[in-house]
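Asker: First the structure, which I've put down as structure tokens, then a few questions once you've had a look.
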Amino acid sequence: MTDHSLIERVLAGEASAERELYDAHVDRVFRLAYRMAGESDLAQDFVQETFIKVYSRLATFRGESALSTWITSIALSVALNGLRKVKRFRQREAGLEEAVTVTETRRRTEPDLHIRMRDAIDKLPEGYRTVFVMHDMEGYTHEEIGSALGVQSGTSKAQLFRARAKLREALADFAGESAS
Amino acid sequence: MIEDPLDPRLRDAAADYNKPPETPREAMWAAIQSGRTRPARRPIWKPLLWGGLAAAAVLVLGILIGRALMSGSHAPVNPPIAGPVNPDTATGDNAFKVAAVQYLSQSEVFLTTFRADLKQGTLDQNAGRRAQELLSSNRLLMDSPAARDPKTKALLQDLELVLAEIAQMTDQTDKNEANMIDDGLEQGGLLSRLRTAVPAGQPTVGL
């Protein structure tokens, strides 16, 4: 089944085709959404919104890229916008909490590599983190990332290079252990 | 760009970052089916006049790049603007640098206007198209000698991401989503970096 014929069936209102399209792409979209969100509920919200947009905009898909790339670009847009909203909301909440728990001592995490790596990835600028997650974790090519983000593949490569450099810098104290 | 992977230990640690569980297919499918019965959001964009300005900007950039390509080593470049041009090395490279400064200046004006419009709730319907045009110019510059300077290249790449976001805005984009782009702009300090890169008094031809 080609993308083209599947799209035609969906646009013709065939319910089973809608489900086929969903089944063909949902794993990839969910994996990316979860990697970006880190929470199941949030990731599921992103996936749902993505597919609702995919169905409503399918008639505008011109086939300039693969259907999977087009869906990925929608998923990314949904996830990034959603995460910004969540971040802003949580920052406001954190501000309020901080105001009433000034004396509370901040708990330090153990210097575990995995925890430090998580913090370091979380602290990457949005563009770096997106490219790093897509390329190094989910195996997208720079061409796919470029198409999904609407940037050149060279930009994706540059962002990945800088992301890795930042992670190495943040985890420099593990370098010795790593080399030994 | 050289491939420079993380060492295996760091790579393994990174692989555990937000490791996805099994996809909850049926639960999400049910939610999608129910979500699709809700009414669609209405667009917020109001039309303004960007088209002519955008065309002029692209034309100017094209002229500058064309002039640089034609000039070679025998014809001196006369940049149409006051900028950081060394007359001793005023060759094609400098013309590209001038084009880059001009482009960055236009981008700064565009993004400043975008933010101001956003705050006033009068976001231009053609902002996406204008961003797309600036994006095209960005790509020309990234492939030009102007991008040899690492700072300029990094600025062009970060600018490309923001412009791509604005360019992808559609009439389904709501004000909240546009505000998120604005937040991203603020957090990355892109506008202040653009202002630093553009010499004071730089005219904004085409805008």
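Every chain in the structure tokens has a letter given in the order shown (A, B, ...), and although residue numbers restart at 1 in each chain, ligands are simply numbered from 1 in the order shown.
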Within 7 Å of range 121-138 of chain A, counting only C-alpha atoms, which residues qualify if same-chain residues fewer than 6 places away don't, as a PyMOL selection string?

Answerer: (chain A and resi 35+145+156+159-160+163) or (chain B and resi 15)

Asker: Next, the residues of the selection above should be written as a PDB file, in the first residue's frame with N, CA, C and O atoms.

Answerer:
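What ended up in selection-v8.pdb:
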ATOM      1  N   ARG A  35       9.976  10.675  24.046  1.00  0.00           N
ATOM      2  CA  ARG A  35      11.359  11.133  24.249  1.00  0.00           C
ATOM      3  C   ARG A  35      11.388  12.629  24.550  1.00  0.00           C
ATOM      4  O   ARG A  35      12.172  13.090  25.358  1.00  0.00           O
ATOM      5  N   ILE A 145      15.414  14.985   9.695  1.00  0.00           N
ATOM      6  CA  ILE A 145      15.289  16.018  10.736  1.00  0.00           C
ATOM      7  C   ILE A 145      15.137  17.389  10.080  1.00  0.00           C
ATOM      8  O   ILE A 145      14.284  18.195  10.474  1.00  0.00           O
ATOM      9  N   SER A 156      20.970  20.789  10.933  1.00  0.00           N
ATOM     10  CA  SER A 156      20.741  19.669  11.854  1.00  0.00           C
ATOM     11  C   SER A 156      22.082  19.103  12.316  1.00  0.00           C
ATOM     12  O   SER A 156      22.280  18.843  13.514  1.00  0.00           O
ATOM     13  N   GLN A 159      23.658  21.477  14.797  1.00  0.00           N
ATOM     14  CA  GLN A 159      22.991  21.461  16.103  1.00  0.00           C
ATOM     15  C   GLN A 159      23.379  20.197  16.877  1.00  0.00           C
ATOM     16  O   GLN A 159      23.584  20.243  18.082  1.00  0.00           O
ATOM     17  N   LEU A 160      23.488  19.090  16.164  1.00  0.00           N
ATOM     18  CA  LEU A 160      23.875  17.841  16.823  1.00  0.00           C
ATOM     19  C   LEU A 160      25.301  17.930  17.356  1.00  0.00           C
ATOM     20  O   LEU A 160      25.589  17.511  18.482  1.00  0.00           O
ATOM     21  N   ALA A 163      25.217  20.007  20.384  1.00  0.00           N
ATOM     22  CA  ALA A 163      24.547  19.297  21.489  1.00  0.00           C
ATOM     23  C   ALA A 163      25.513  18.318  22.137  1.00  0.00           C
ATOM     24  O   ALA A 163      25.642  18.266  23.365  1.00  0.00           O
TER      25      ALA A 163
ATOM     26  N   ALA B  15      20.885   6.871  25.933  1.00  0.00           N
ATOM     27  CA  ALA B  15      19.827   6.019  25.363  1.00  0.00           C
ATOM     28  C   ALA B  15      18.688   5.797  26.351  1.00  0.00           C
ATOM     29  O   ALA B  15      17.557   5.507  25.961  1.00  0.00           O
TER      30      ALA B  15
END

Asker: Can you tell me, as a count of residues only, what residues are no more than 10 Å from Ser144 in chain B when counting only C-alpha atoms, ignoring any on the same chain fewer than 6 positions away?

Answerer: 6

Asker: For chain A against chain B, with a cut-off of 7 Å and counting only C-alpha atoms, what is the closest atom pair and its distance in Å to one decimal for every residue that makes the cut, ordered by chain and number, as a tab-separated table?

Answerer:
residue	atom	partner	partner_atom	distance
A:Asp27	CA	B:Thr23	CA	6.1
A:Phe30	CA	B:Thr23	CA	6.5
A:Arg31	CA	B:Pro20	CA	5.6
A:Tyr34	CA	B:Pro20	CA	5.6
A:Arg35	CA	B:Asn18	CA	4.8
A:Gly38	CA	B:Asn18	CA	4.8
A:Gln44	CA	B:Met28	CA	6.5
A:Gln48	CA	B:Ile32	CA	5.3
A:Ile52	CA	B:Arg36	CA	6.1
A:Asn81	CA	B:Glu177	CA	6.2
A:Arg84	CA	B:Met180	CA	6.2
A:Leu113	CA	B:Ala13	CA	6.8
A:His114	CA	B:Ala13	CA	5.1
A:Met117	CA	B:Ala14	CA	6.3
A:Arg118	CA	B:Tyr17	CA	5.9
A:Met137	CA	B:Ala15	CA	5.9
A:Gly150	CA	B:Ala164	CA	5.5
A:Val151	CA	B:Leu161	CA	6.5
A:Thr155	CA	B:Gln157	CA	5.9
A:Lys157	CA	B:Met1	CA	6.5
A:Ala158	CA	B:Met1	CA	6.7
A:Phe161	CA	B:Asp4	CA	6.9
A:Arg164	CA	B:Leu6	CA	6.6
A:Ser178	CA	B:Arg9	CA	6.4

Asker: Can you check which residues of range 1-87 of chain A DSSP gives as alpha helix (DSSP H) on the backbone and send them as a PyMOL selection string?

Answerer: chain A and resi 3-11+15-37+40-57+67-87

Asker: Work out how far CA of Lys166 in chain A is from CA of Asp119 in chain A, in Å to one decimal.

Answerer: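 Between CA of Asp119 in chain A and CA of Lys166 in chain A the gap works out to 11.9 Å.
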
Asker: Determine the nearest neighbour of Asp3 in chain A from the options A:Ser73, A:Ser65, A:Gln91, A:Thr141, counting only C-alpha atoms.

Answerer: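 The shortest atom-to-atom distance to Asp3 in chain A comes from A:Ser65.
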
Asker: Considering only C-alpha atoms, state which residue in the set B:Leu194, B:Asp149, B:Pro199, B:Asn94 is at the smallest distance from Phe110 in chain B.

Answerer: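 Looking only at the distances to Phe110 in chain B, the closest residue turns out to be B:Leu194.
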